[in-house]
>>> print(open('entry30.cif').read())   # mmCIF, C-alpha atoms
data_structure
#
loop_
_atom_site.label_atom_id
_atom_site.label_comp_id
_atom_site.auth_asym_id
_atom_site.auth_seq_id
_atom_site.Cartn_x
_atom_site.Cartn_y
_atom_site.Cartn_z
CA MET E 1 145.56 39.65 66.97
CA ASN E 2 146.15 37.34 63.98
CA SER E 3 143.93 34.70 65.62
CA LEU E 4 140.85 36.92 65.50
CA ASP E 5 138.48 36.66 62.56
CA VAL E 6 138.01 39.50 60.11
CA SER E 7 134.67 40.64 61.54
CA ALA E 8 136.17 41.06 65.02
CA LEU E 9 139.09 43.00 63.54
CA PHE E 10 136.68 45.28 61.68
CA GLY E 11 134.82 45.90 64.95
CA ILE E 12 138.07 46.85 66.70
CA LEU E 13 139.02 49.12 63.80
CA VAL E 14 135.67 50.96 63.97
CA LEU E 15 136.05 51.37 67.75
CA LEU E 16 139.55 52.81 67.31
CA ILE E 17 138.33 55.31 64.70
CA ILE E 18 135.55 56.42 67.08
CA LEU E 19 138.11 56.90 69.87
CA SER E 20 140.32 58.90 67.49
CA ALA E 21 137.35 61.13 66.62
CA LEU E 22 136.66 61.68 70.32
CA PHE E 23 140.26 62.67 71.04
CA SER E 24 140.35 64.98 68.00
CA SER E 25 137.07 66.69 68.83
CA SER E 26 138.00 67.11 72.51
CA GLU E 27 141.27 68.81 71.54
CA THR E 28 139.54 71.33 69.27
CA SER E 29 136.63 71.96 71.64
CA MET E 30 138.91 72.59 74.63
CA MET E 31 140.98 75.11 72.70
CA ALA E 32 137.88 76.77 71.19
CA LEU E 33 136.09 77.40 74.50
CA ASN E 34 135.21 81.01 75.18
CA ARG E 35 137.25 81.73 78.33
CA TYR E 36 134.82 84.36 79.64
CA ARG E 37 131.78 82.15 79.15
CA LEU E 38 133.75 79.32 80.77
CA LYS E 39 134.46 81.49 83.85
CA HIS E 40 130.78 82.39 84.03
CA LYS E 41 129.84 78.70 83.94
CA VAL E 42 132.39 77.94 86.66
CA LYS E 43 130.96 80.67 88.91
CA SER E 44 127.47 79.26 88.39
CA GLY E 45 128.71 75.83 89.56
CA HIS E 46 128.69 73.91 86.25
CA LYS E 47 130.67 70.72 87.02
CA GLY E 48 131.79 70.13 83.45
CA ALA E 49 133.04 73.72 83.19
CA ILE E 50 134.92 73.37 86.48
CA ARG E 51 136.73 70.26 85.22
CA ALA E 52 137.44 71.89 81.85
CA GLN E 53 138.92 74.97 83.53
CA LYS E 54 141.22 72.83 85.68
CA LEU E 55 142.44 71.00 82.59
CA LEU E 56 143.06 74.28 80.74
CA GLU E 57 145.14 75.66 83.63
CA LYS E 58 147.92 73.37 82.39
CA PRO E 59 147.49 73.21 78.61
CA ASP E 60 150.71 71.24 78.05
CA ARG E 61 149.40 68.36 80.18
CA LEU E 62 145.97 68.55 78.54
CA LEU E 63 147.43 68.42 75.04
CA GLY E 64 149.83 65.71 76.18
CA VAL E 65 147.10 63.28 77.25
CA ILE E 66 144.91 64.05 74.21
CA LEU E 67 147.70 63.60 71.68
CA LEU E 68 149.02 60.55 73.49
CA GLY E 69 145.63 58.88 73.25
CA ASN E 70 145.01 60.07 69.69
CA ASN E 71 148.33 58.87 68.35
CA PHE E 72 148.03 55.55 70.17
CA VAL E 73 144.62 54.71 68.67
CA ASN E 74 145.66 55.90 65.19
CA ILE E 75 148.80 53.75 65.19
CA PHE E 76 146.87 50.82 66.62
CA ALA E 77 144.20 51.31 63.91
CA SER E 78 146.94 51.25 61.26
CA SER E 79 148.20 47.92 62.61
CA VAL E 80 144.70 46.43 62.65
CA ALA E 81 144.05 47.64 59.09
CA THR E 82 147.31 46.03 57.97
CA ILE E 83 146.30 42.69 59.50
CA ILE E 84 142.88 42.85 57.84
CA ALA E 85 144.49 43.62 54.46
CA MET E 86 146.94 40.69 54.87
CA LYS E 87 144.08 38.29 55.60
CA LEU E 88 141.85 39.46 52.77
CA ILE E 89 144.27 40.32 49.96
CA GLY E 90 147.78 39.48 51.08
CA GLU E 91 150.88 41.66 50.97
CA ALA E 92 149.54 43.56 47.97
CA GLY E 93 146.72 44.91 50.13
CA ILE E 94 148.99 46.66 52.65
CA ALA E 95 149.38 49.79 50.49
CA LEU E 96 145.67 49.78 49.69
CA ALA E 97 144.79 49.48 53.39
CA ALA E 98 147.11 52.40 54.25
CA GLY E 99 145.48 54.62 51.63
CA LEU E 100 141.91 53.73 52.63
CA LEU E 101 142.65 54.10 56.35
CA THR E 102 144.22 57.53 55.77
CA MET E 103 141.08 58.73 54.00
CA VAL E 104 138.75 57.25 56.64
CA VAL E 105 140.74 58.74 59.54
CA LEU E 106 141.01 62.11 57.80
CA VAL E 107 137.26 62.36 57.16
CA PHE E 108 135.69 60.58 60.13
CA ALA E 109 138.32 61.03 62.86
CA GLU E 110 139.82 64.46 62.04
CA VAL E 111 137.99 66.92 59.78
CA ALA E 112 134.36 66.07 60.63
CA PRO E 113 134.74 65.84 64.45
CA LYS E 114 137.02 68.89 64.65
CA THR E 115 134.60 70.96 62.56
CA LEU E 116 131.75 69.88 64.82
CA ALA E 117 133.82 70.73 67.91
CA ALA E 118 134.68 74.17 66.55
CA LEU E 119 130.98 74.89 65.97
CA TYR E 120 129.78 73.55 69.34
CA PRO E 121 132.77 73.59 71.70
CA GLU E 122 130.82 73.60 74.98
CA LYS E 123 128.65 70.60 74.03
CA ILE E 124 131.77 68.50 73.46
CA ALA E 125 134.36 69.96 75.85
CA TYR E 126 132.32 69.67 79.06
CA PRO E 127 131.44 65.95 78.65
CA ALA E 128 134.99 65.24 77.42
CA ALA E 129 136.38 66.78 80.62
CA TYR E 130 134.82 63.92 82.60
CA ILE E 131 136.84 61.42 80.53
CA LEU E 132 140.08 63.37 80.19
CA THR E 133 140.40 64.14 83.92
CA PRO E 134 140.70 60.50 85.13
CA LEU E 135 142.64 59.54 81.97
CA LEU E 136 145.20 62.24 82.78
CA LYS E 137 145.61 60.82 86.28
CA VAL E 138 146.16 57.29 84.95
CA LEU E 139 148.60 58.36 82.23
CA SER E 140 150.29 61.13 84.22
CA PRO E 141 153.74 59.42 84.34
CA ILE E 142 153.81 59.00 80.55
CA VAL E 143 152.38 62.50 79.99
CA TRP E 144 155.00 63.95 82.35
CA MET E 145 157.79 62.24 80.45
CA VAL E 146 156.47 63.41 77.07
CA ASN E 147 156.09 66.97 78.31
CA PHE E 148 159.57 66.88 79.86
CA PHE E 149 161.20 66.25 76.50
CA ALA E 150 158.79 68.52 74.56
CA ASN E 151 159.27 71.43 76.95
CA GLY E 152 163.00 70.87 77.00
CA PHE E 153 163.05 71.10 73.22
CA LEU E 154 161.12 74.41 73.35
CA ARG E 155 163.55 75.81 75.91
CA LEU E 156 166.31 75.42 73.35
CA PHE E 157 164.54 78.22 71.47
CA ARG E 158 164.19 80.30 74.69
CA ILE E 159 160.45 79.70 74.92
CA ASN E 160 159.16 79.94 78.48
CA VAL E 161 156.59 77.15 78.61
CA SER E 162 155.64 77.93 82.21
CA HIS E 163 154.26 81.37 81.21
CA HIS E 164 151.02 81.74 79.30
CA ASP E 165 148.33 84.38 79.12
CA ASP E 166 145.99 82.73 81.57
CA ASP E 167 143.95 85.83 82.19
CA HIS E 168 143.26 86.51 78.50
CA ALA E 169 143.14 90.23 79.28
CA LEU E 170 141.55 92.37 76.58
CA THR E 171 142.95 95.66 75.41
CA TYR E 172 140.75 98.76 75.17
CA GLU E 173 140.37 98.30 71.40
CA GLU E 174 139.56 94.57 71.74
CA LEU E 175 136.96 95.24 74.40
CA GLN E 176 135.38 97.92 72.22
CA THR E 177 135.25 95.47 69.30
CA LEU E 178 133.69 92.85 71.59
CA ILE E 179 130.94 95.30 72.54
CA ASN E 180 130.32 96.39 68.94
CA GLU E 181 130.13 92.79 67.72
CA ALA E 182 127.54 91.78 70.34
CA THR E 183 124.78 92.67 67.89
CA SER E 184 122.22 90.00 68.73
CA GLN E 185 122.73 89.86 72.49
CA LEU E 186 122.99 93.58 73.25
CA PRO E 187 120.64 96.38 72.07
CA ALA E 188 122.29 99.24 70.19
CA HIS E 189 121.47 101.75 72.95
CA TYR E 190 123.29 99.65 75.55
CA ARG E 191 126.28 99.13 73.24
CA SER E 192 126.51 102.90 72.84
CA MET E 193 126.42 103.37 76.62
CA LEU E 194 129.17 100.79 77.19
CA ASN E 195 131.35 102.41 74.53
CA SER E 196 130.83 105.76 76.24
CA VAL E 197 131.91 104.30 79.58
CA LEU E 198 135.09 102.99 77.96
CA GLN E 199 135.83 106.45 76.57
CA LEU E 200 135.59 108.19 79.96
CA GLU E 201 139.33 107.62 80.47
CA THR E 202 140.29 109.30 77.21
CA VAL E 203 137.72 112.12 77.16
CA THR E 204 138.50 115.23 79.22
CA VAL E 205 136.14 117.74 80.80
CA GLU E 206 137.18 120.21 78.11
CA ASP E 207 135.57 117.96 75.49
CA VAL E 208 132.09 118.08 77.02
CA MET E 209 131.99 121.40 78.89
CA VAL E 210 129.56 124.23 78.24
CA PRO E 211 131.77 126.95 76.67
CA LYS E 212 132.25 130.17 78.61
CA GLN E 213 130.23 132.25 76.14
CA GLU E 214 127.21 129.91 76.60
CA ILE E 215 127.22 129.93 80.41
CA TYR E 216 124.03 131.32 81.91
CA ALA E 217 125.29 133.62 84.68
CA ILE E 218 123.90 136.65 86.51
CA ASP E 219 125.64 139.96 87.13
CA ILE E 220 124.69 141.40 90.53
CA ASP E 221 125.91 144.86 89.54
CA GLN E 222 122.70 145.34 87.56
CA PRO E 223 119.52 146.69 89.15
CA PHE E 224 117.99 144.37 91.76
CA GLU E 225 114.74 144.02 89.79
CA ASP E 226 116.71 142.73 86.78
CA ILE E 227 118.53 140.28 89.02
CA LEU E 228 115.23 138.85 90.23
CA LYS E 229 113.93 138.60 86.65
CA ASP E 230 117.09 136.74 85.56
CA LEU E 231 116.74 134.36 88.51
CA GLN E 232 113.07 133.71 87.63
CA LYS E 233 113.75 132.87 84.00
CA SER E 234 116.85 130.76 84.72
CA PRO E 235 116.57 127.31 83.06
CA TYR E 236 119.02 125.86 85.58
CA THR E 237 118.99 125.05 89.28
CA ARG E 238 122.55 126.29 89.83
CA VAL E 239 123.61 129.66 88.46
CA PRO E 240 127.06 131.33 88.56
CA ILE E 241 126.93 134.79 90.12
CA TYR E 242 129.50 137.45 89.19
CA ARG E 243 130.11 141.15 89.62
CA GLY E 244 130.88 143.13 86.48
CA SER E 245 132.82 140.41 84.60
CA LEU E 246 132.47 136.65 84.74
CA ASP E 247 136.21 136.27 84.06
CA GLU E 248 137.48 138.75 86.63
CA ASP E 249 135.04 138.67 89.56
CA LEU E 250 133.15 135.41 89.92
CA ILE E 251 131.47 135.39 93.34
CA GLY E 252 130.19 131.80 93.39
CA ILE E 253 127.26 129.53 92.63
CA LEU E 254 123.66 130.09 93.72
CA ASN E 255 121.42 127.06 94.19
CA LEU E 256 117.95 128.33 93.27
CA ARG E 257 116.20 125.39 94.87
CA ARG E 258 117.71 126.19 98.26
CA ALA E 259 117.25 129.93 97.69
CA LEU E 260 113.57 129.61 96.78
CA PRO E 261 112.19 130.27 100.31
CA VAL E 262 114.25 133.47 100.52
CA LEU E 263 113.33 134.60 97.01
CA MET E 264 109.64 134.15 97.79
CA ARG E 265 109.81 136.71 100.57
CA SER E 266 108.48 140.17 99.80
CA ASP E 267 111.34 141.87 101.63
CA VAL E 268 114.14 139.91 99.98
CA SER E 269 117.31 141.93 99.40
CA LEU E 270 120.56 141.52 97.50
CA LYS E 271 122.36 140.88 100.78
CA ASP E 272 120.04 137.90 101.45
CA ILE E 273 120.88 136.42 98.05
CA VAL E 274 124.63 136.93 98.45
CA LYS E 275 124.56 135.04 101.77
CA LEU E 276 123.24 131.96 99.94
CA ILE E 277 126.01 131.94 97.32
CA ARG E 278 128.40 129.00 97.65
CA PRO E 279 132.07 129.24 96.57
CA ALA E 280 132.68 127.91 93.07
CA TYR E 281 134.46 124.61 92.48
CA PHE E 282 137.26 124.83 89.88
CA ILE E 283 138.87 121.99 87.94
CA PRO E 284 141.64 121.84 85.26
CA GLU E 285 140.53 121.49 81.66
CA GLN E 286 142.54 118.30 81.09
CA THR E 287 140.84 116.32 83.88
CA PRO E 288 139.55 112.95 82.53
CA LEU E 289 135.81 112.42 82.84
CA SER E 290 136.32 109.21 84.81
CA THR E 291 138.38 111.11 87.40
CA GLN E 292 135.89 113.97 87.58
CA LEU E 293 132.98 111.58 88.10
CA GLY E 294 134.65 110.35 91.27
CA LYS E 295 135.46 113.89 92.40
CA PHE E 296 131.86 115.01 91.98
CA ASN E 297 130.82 112.13 94.21
CA ASN E 298 133.52 112.68 96.85
CA LYS E 299 133.05 116.45 97.10
CA LYS E 300 129.25 116.28 96.93
CA ARG E 301 129.22 118.81 94.10
CA ARG E 302 127.12 118.84 90.94
CA MET E 303 128.74 121.71 89.08
CA ALA E 304 132.36 122.66 88.35
CA LEU E 305 133.95 125.59 86.53
CA ILE E 306 136.76 124.68 84.16
CA VAL E 307 139.95 126.71 83.98
CA ASP E 308 143.05 126.46 81.80
CA GLU E 309 146.69 126.37 82.92
CA TYR E 310 146.66 130.14 83.44
CA GLY E 311 143.55 130.06 85.62
CA ASP E 312 141.31 131.65 82.98
CA LEU E 313 137.72 130.44 82.88
CA GLN E 314 137.00 128.17 79.91
CA GLY E 315 133.63 126.65 80.61
CA LEU E 316 131.28 124.85 82.94
CA LEU E 317 130.56 121.18 83.63
CA THR E 318 127.66 119.61 85.50
CA VAL E 319 126.94 116.05 86.55
CA GLU E 320 124.19 116.02 83.94
CA ASP E 321 126.73 116.87 81.19
CA LEU E 322 128.88 113.99 82.34
CA LEU E 323 125.98 111.55 82.48
CA GLU E 324 124.94 112.57 78.98
CA GLU E 325 128.27 111.22 77.77
CA ILE E 326 127.14 107.80 78.96
CA VAL E 327 123.39 107.65 78.43
CA GLY E 328 123.00 110.21 75.63
CA LYS E 329 121.01 113.43 75.58
CA LEU E 330 118.61 113.84 78.48
CA SER E 331 115.20 114.99 77.30
CA THR E 332 114.71 117.02 80.47
CA ASP E 333 117.91 119.00 79.97
CA ALA E 334 116.90 122.58 79.31
CA LYS E 335 120.18 123.55 77.77
CA SER E 336 120.28 120.87 75.10
CA LYS E 337 119.35 122.27 71.74
CA PRO E 338 116.96 120.44 69.44
CA VAL E 339 118.76 118.45 66.81
CA GLN E 340 117.34 120.51 64.00
CA GLU E 341 118.89 123.69 65.44
CA ALA E 342 122.39 122.25 65.47
CA VAL E 343 122.18 120.20 62.25
CA ALA E 344 119.68 120.66 59.42
CA VAL E 345 119.58 118.79 56.10
CA ASN E 346 119.25 120.94 52.99
CA GLU E 347 117.28 119.90 49.91
CA ASP E 348 120.49 119.10 47.99
CA GLY E 349 121.65 116.63 50.68
CA SER E 350 124.18 118.93 52.35
CA TRP E 351 124.01 119.75 56.05
CA ARG E 352 123.70 123.15 57.70
CA ILE E 353 125.63 123.06 60.98
CA SER E 354 126.16 125.56 63.76
CA ALA E 355 129.91 126.21 63.90
CA SER E 356 129.86 126.25 67.71
CA GLU E 357 128.92 122.57 67.82
CA PHE E 358 131.41 120.19 69.44
CA ILE E 359 133.07 117.89 66.92
CA ARG E 360 132.84 114.90 69.29
CA GLU E 361 129.08 115.32 69.63
CA LEU E 362 128.64 115.58 65.87
CA ASN E 363 130.69 112.42 65.34
CA LYS E 364 128.79 110.56 68.02
CA ASP E 365 125.27 111.69 67.15
CA HIS E 366 125.56 111.66 63.35
CA ASP E 367 128.14 108.93 62.64
CA LEU E 368 130.77 111.31 61.25
CA ASP E 369 134.54 110.96 61.33
CA LEU E 370 135.76 114.53 61.73
CA PRO E 371 139.16 114.93 63.48
CA THR E 372 139.00 115.27 67.26
CA ASP E 373 142.70 115.47 68.13
CA GLY E 374 142.81 119.26 67.83
CA PRO E 375 140.13 121.97 68.20
CA LYS E 376 136.90 120.99 69.90
CA THR E 377 134.41 122.84 67.68
CA ILE E 378 133.80 123.25 63.95
CA ASN E 379 134.66 126.94 64.33
CA GLY E 380 137.99 126.08 65.93
CA LEU E 381 138.77 123.41 63.33
CA ILE E 382 138.30 125.77 60.38
CA GLN E 383 140.23 128.61 62.04
CA GLU E 384 143.13 126.28 62.85
CA ILE E 385 143.33 125.10 59.24
CA MET E 386 142.95 128.57 57.71
CA GLU E 387 144.87 130.41 60.49
CA MET E 388 142.28 133.19 60.20
CA ILE E 389 138.55 133.83 60.24
CA PRO E 390 137.80 133.06 56.59
CA PRO E 391 135.22 135.01 54.56
CA VAL E 392 131.82 133.60 53.64
CA GLY E 393 132.08 131.14 50.75
CA THR E 394 135.44 129.66 51.78
CA CYS E 395 135.55 125.87 51.34
CA ILE E 396 138.00 123.44 52.90
CA ARG E 397 138.32 119.69 52.53
CA VAL E 398 138.64 117.64 55.73
CA GLU E 399 139.66 113.97 56.07
CA ASP E 400 139.15 113.51 52.30
CA ASN E 401 135.44 112.84 52.92
CA TYR E 402 134.00 116.20 53.93
CA ILE E 403 133.75 119.68 52.46
CA LEU E 404 133.13 122.50 54.95
CA GLU E 405 131.86 125.76 53.46
CA VAL E 406 131.62 128.90 55.59
CA THR E 407 128.12 130.33 55.18
CA LYS E 408 127.88 132.78 58.06
CA ILE E 409 130.40 134.66 60.20
CA SER E 410 130.43 137.28 62.94
CA LYS E 411 133.14 139.73 63.93
CA ASN E 412 135.24 137.17 65.83
CA ALA E 413 133.92 133.70 64.93
CA ILE E 414 132.37 131.47 62.30
CA GLU E 415 128.69 130.99 63.07
CA GLU E 416 127.45 128.52 60.46
CA VAL E 417 128.90 126.10 57.88
CA ARG E 418 127.58 123.81 55.19
CA LEU E 419 128.84 120.22 55.23
CA THR E 420 128.86 118.11 52.06
CA PHE E 421 130.05 114.52 51.63
CA TYR E 422 132.52 113.14 49.12
CA THR E 423 132.51 109.44 49.99
CA ASN E 424 129.57 108.54 52.16
CA LYS E 425 126.35 106.56 52.01
CA ARG E 426 124.44 109.81 52.48
CA LEU E 427 123.37 112.05 49.61
CA ARG E 428 126.32 113.79 47.98
CA HIS E 429 126.45 117.43 46.97
CA THR E 430 128.88 118.86 44.46
CA THR E 431 130.39 122.26 45.20
CA HIS E 432 132.55 124.53 43.11
CA ASP E 433 135.39 126.13 45.07
#
>>> encode(input="entry30.cif", output="structure tokens")
Amino acid sequence: MNSLDVSALFGILVLLIILSALFSSSETSMMALNRYRLKHKVKSGHKGAIRAQKLLEKPDRLLGVILLGNNFVNIFASSVATIIAMKLIGEAGIALAAGLLTMVVLVFAEVAPKTLAALYPEKIAYPAAYILTPLLKVLSPIVWMVNFFANGFLRLFRINVSHHDDDHALTYEELQTLINEATSQLPAHYRSMLNSVLQLETVTVEDVMVPKQEIYAIDIDQPFEDILKDLQKSPYTRVPIYRGSLDEDLIGILNLRRALPVLMRSDVSLKDIVKLIRPAYFIPEQTPLSTQLGKFNNKKRRMALIVDEYGDLQGLLTVEDLLEEIVGKLSTDAKSKPVQEAVAVNEDGSWRISASEFIRELNKDHDLDLPTDGPKTINGLIQEIMEMIPPVGTCIRVEDNYILEVTKISKNAIEEVRLTFYTNKRLRHTTHD
């Protein structure tokens, strides 16, 4: 090495710095690869991605060959720089050469290439895999020896080097964050649908059911003419049929589409209608929506009646209600109320809300954060807090951000409330309790 002239030594030094930059950038790019995008590339047959995935299956060997090569070229570069300094300046230049080489390596072989690799990992990792794969085969004995001692040292601290999270499984919260952060690639409507699908496991049929008092049902104890009128004005295809009391004597479900030929007859009788009634399908109120979706499909049913642990009727669920949890309100759904009926904005910025509204739907549709771990409706929430049906004018503070004021009540329920905001981007309204 001493026999070479200074220009040749400078050329070798530059080559070594370039090699150091390549090793540094390949290390960062390999570790910064998006594992899910990498798997997608592998499935599509990308050769660079296939090689990169094989290298990442054993990260200790990958890091071993990269660091072995990086340290070798850096130490070799230090020796070359020392020789150059001795030829140009003498022994006094050794310290100067060490300082200059440290700065050059830090800037051009570490910080700059690693920053570039972190910004564009795929553009560097895939080509680097073509170099690292054969290099690993050539240096495998040395890499094995280095890893043997390194892994043995880690085992002293009871670290299992053979186990690593190869699947990179995401938790529910992480997956939800991933969906919410996909702002440029995924439209907001699709993000909302994916979030709704994730929530099917945690949401029960009780959360989305039509409450018992809102069920459209027909009593066959009334005059036959009234029965026919109720059937004609029904907004639904399937109607529960009962005798006297919906709670005590539910006969079953009548499919009006199938019953239409019979109903069109001039001599139709109550007995003809009763023959078409199908037994009702009952489900527990704590059934998850994901489970019920499968049951609807398996049992070929589109409507279910929801009962509590005592067998008392609580509400009704249809396939359309379940699908609305995923895709949002269906415009063709006759039962869905216009938004202005459920929530109306007053001139002072407060909201007028029907107390029978489900809290989950209000949170979802209007970006609120009302508590959902207790009662399902605004009426239930206020009654649980007050432990009574409060008089008109009663105000309560919820979650530190909302004021709920009772504005209308009936004999046994709260009918309407006014919602004002304490800390929110919306208009604020000051109330005096």
>>> closest_atom_pairs(input="entry30.cif", of="region 260-366 of chain E", to="region 240-249 of chain E", cutoff="9 Å", atoms="only C-alpha atoms", output="JSON lines")
{"residue": "E:Val274", "atom": "CA", "partner": "E:Ile241", "partner_atom": "CA", "distance": 8.9}
{"residue": "E:Ile277", "atom": "CA", "partner": "E:Ile241", "partner_atom": "CA", "distance": 7.8}
{"residue": "E:Ala280", "atom": "CA", "partner": "E:Pro240", "partner_atom": "CA", "distance": 8.0}
{"residue": "E:Asp312", "atom": "CA", "partner": "E:Asp247", "partner_atom": "CA", "distance": 7.0}
{"residue": "E:Leu313", "atom": "CA", "partner": "E:Asp247", "partner_atom": "CA", "distance": 6.1}
>>> residues_around(input="entry30.cif", residues="Pro121 (chain E)", least_positions_apart="3", cutoff="12 Å", atoms="only C-alpha atoms", output="mmCIF file with C-alpha atoms, keeping the file's coordinate frame")
data_model
loop_
_atom_site.group_PDB
_atom_site.id
_atom_site.type_symbol
_atom_site.label_atom_id
_atom_site.label_comp_id
_atom_site.auth_asym_id
_atom_site.auth_seq_id
_atom_site.Cartn_x
_atom_site.Cartn_y
_atom_site.Cartn_z
ATOM 1 C CA SER E 25 137.070 66.690 68.830
ATOM 2 C CA SER E 26 138.000 67.110 72.510
ATOM 3 C CA GLU E 27 141.270 68.810 71.540
ATOM 4 C CA THR E 28 139.540 71.330 69.270
ATOM 5 C CA SER E 29 136.630 71.960 71.640
ATOM 6 C CA MET E 30 138.910 72.590 74.630
ATOM 7 C CA MET E 31 140.980 75.110 72.700
ATOM 8 C CA ALA E 32 137.880 76.770 71.190
ATOM 9 C CA LEU E 33 136.090 77.400 74.500
ATOM 10 C CA ASN E 34 135.210 81.010 75.180
ATOM 11 C CA ARG E 35 137.250 81.730 78.330
ATOM 12 C CA ARG E 37 131.780 82.150 79.150
ATOM 13 C CA LEU E 38 133.750 79.320 80.770
ATOM 14 C CA ALA E 49 133.040 73.720 83.190
ATOM 15 C CA ALA E 52 137.440 71.890 81.850
ATOM 16 C CA PRO E 113 134.740 65.840 64.450
ATOM 17 C CA LYS E 114 137.020 68.890 64.650
ATOM 18 C CA THR E 115 134.600 70.960 62.560
ATOM 19 C CA LEU E 116 131.750 69.880 64.820
ATOM 20 C CA ALA E 117 133.820 70.730 67.910
ATOM 21 C CA ALA E 118 134.680 74.170 66.550
ATOM 22 C CA ILE E 124 131.770 68.500 73.460
ATOM 23 C CA ALA E 125 134.360 69.960 75.850
ATOM 24 C CA TYR E 126 132.320 69.670 79.060
ATOM 25 C CA PRO E 127 131.440 65.950 78.650
ATOM 26 C CA ALA E 128 134.990 65.240 77.420
ATOM 27 C CA ALA E 129 136.380 66.780 80.620
#
>>> atom_distance(input="entry30.cif", atom1="CA of Pro371 (chain E)", atom2="CA of Val210 (chain E)")
19.9 Å
>>> resolve_selection(input="entry30.cif", expression="the PyMOL selection byres ((chain E and resi 402-405) around 8)", output="VMD selection string")
chain E and resid 392 to 401 406 to 407 417 to 423
>>> atom_distance(input="entry30.cif", atom1="CA of Pro134 (chain E)", atom2="CA of Tyr36 (chain E)")
25.2 Å
>>> residues_around(input="entry30.cif", residues="Ile83 (chain E)", least_positions_apart="3", cutoff="10 Å", atoms="only C-alpha atoms", output="count of residues only")
17
>>> residues_around(input="entry30.cif", residues="region 281-294 of chain E", least_positions_apart="4", cutoff="12 Å", atoms="all atoms listed in the file", output="PDB file with C-alpha atoms, in the frame of the given file")
ATOM      1  CA  SER E 196     130.830 105.760  76.240  1.00  0.00           C
ATOM      2  CA  VAL E 197     131.910 104.300  79.580  1.00  0.00           C
ATOM      3  CA  LEU E 198     135.090 102.990  77.960  1.00  0.00           C
ATOM      4  CA  GLN E 199     135.830 106.450  76.570  1.00  0.00           C
ATOM      5  CA  LEU E 200     135.590 108.190  79.960  1.00  0.00           C
ATOM      6  CA  GLU E 201     139.330 107.620  80.470  1.00  0.00           C
ATOM      7  CA  THR E 202     140.290 109.300  77.210  1.00  0.00           C
ATOM      8  CA  VAL E 203     137.720 112.120  77.160  1.00  0.00           C
ATOM      9  CA  THR E 204     138.500 115.230  79.220  1.00  0.00           C
ATOM     10  CA  VAL E 205     136.140 117.740  80.800  1.00  0.00           C
ATOM     11  CA  GLU E 206     137.180 120.210  78.110  1.00  0.00           C
ATOM     12  CA  ASP E 207     135.570 117.960  75.490  1.00  0.00           C
ATOM     13  CA  VAL E 208     132.090 118.080  77.020  1.00  0.00           C
ATOM     14  CA  MET E 209     131.990 121.400  78.890  1.00  0.00           C
ATOM     15  CA  VAL E 210     129.560 124.230  78.240  1.00  0.00           C
ATOM     16  CA  PRO E 211     131.770 126.950  76.670  1.00  0.00           C
ATOM     17  CA  PRO E 240     127.060 131.330  88.560  1.00  0.00           C
ATOM     18  CA  LEU E 250     133.150 135.410  89.920  1.00  0.00           C
ATOM     19  CA  ILE E 251     131.470 135.390  93.340  1.00  0.00           C
ATOM     20  CA  GLY E 252     130.190 131.800  93.390  1.00  0.00           C
ATOM     21  CA  ILE E 253     127.260 129.530  92.630  1.00  0.00           C
ATOM     22  CA  ASN E 298     133.520 112.680  96.850  1.00  0.00           C
ATOM     23  CA  LYS E 299     133.050 116.450  97.100  1.00  0.00           C
ATOM     24  CA  LYS E 300     129.250 116.280  96.930  1.00  0.00           C
ATOM     25  CA  ARG E 301     129.220 118.810  94.100  1.00  0.00           C
ATOM     26  CA  ARG E 302     127.120 118.840  90.940  1.00  0.00           C
ATOM     27  CA  MET E 303     128.740 121.710  89.080  1.00  0.00           C
ATOM     28  CA  ALA E 304     132.360 122.660  88.350  1.00  0.00           C
ATOM     29  CA  LEU E 305     133.950 125.590  86.530  1.00  0.00           C
ATOM     30  CA  ILE E 306     136.760 124.680  84.160  1.00  0.00           C
ATOM     31  CA  VAL E 307     139.950 126.710  83.980  1.00  0.00           C
ATOM     32  CA  ASP E 308     143.050 126.460  81.800  1.00  0.00           C
ATOM     33  CA  GLU E 309     146.690 126.370  82.920  1.00  0.00           C
ATOM     34  CA  TYR E 310     146.660 130.140  83.440  1.00  0.00           C
ATOM     35  CA  GLY E 311     143.550 130.060  85.620  1.00  0.00           C
ATOM     36  CA  ASP E 312     141.310 131.650  82.980  1.00  0.00           C
ATOM     37  CA  LEU E 313     137.720 130.440  82.880  1.00  0.00           C
ATOM     38  CA  GLN E 314     137.000 128.170  79.910  1.00  0.00           C
ATOM     39  CA  GLY E 315     133.630 126.650  80.610  1.00  0.00           C
ATOM     40  CA  LEU E 316     131.280 124.850  82.940  1.00  0.00           C
ATOM     41  CA  LEU E 317     130.560 121.180  83.630  1.00  0.00           C
ATOM     42  CA  THR E 318     127.660 119.610  85.500  1.00  0.00           C
ATOM     43  CA  VAL E 319     126.940 116.050  86.550  1.00  0.00           C
ATOM     44  CA  GLU E 320     124.190 116.020  83.940  1.00  0.00           C
ATOM     45  CA  ASP E 321     126.730 116.870  81.190  1.00  0.00           C
ATOM     46  CA  LEU E 322     128.880 113.990  82.340  1.00  0.00           C
ATOM     47  CA  LEU E 323     125.980 111.550  82.480  1.00  0.00           C
ATOM     48  CA  GLU E 324     124.940 112.570  78.980  1.00  0.00           C
ATOM     49  CA  GLU E 325     128.270 111.220  77.770  1.00  0.00           C
ATOM     50  CA  ILE E 326     127.140 107.800  78.960  1.00  0.00           C
TER      51      ILE E 326
END
>>> closest_residue(input="entry30.cif", among="E:Asn363, E:Ser356, E:Leu270, E:Lys41", to="Gln213 (chain E)", atoms="all atoms listed in the file")
E:Ser356
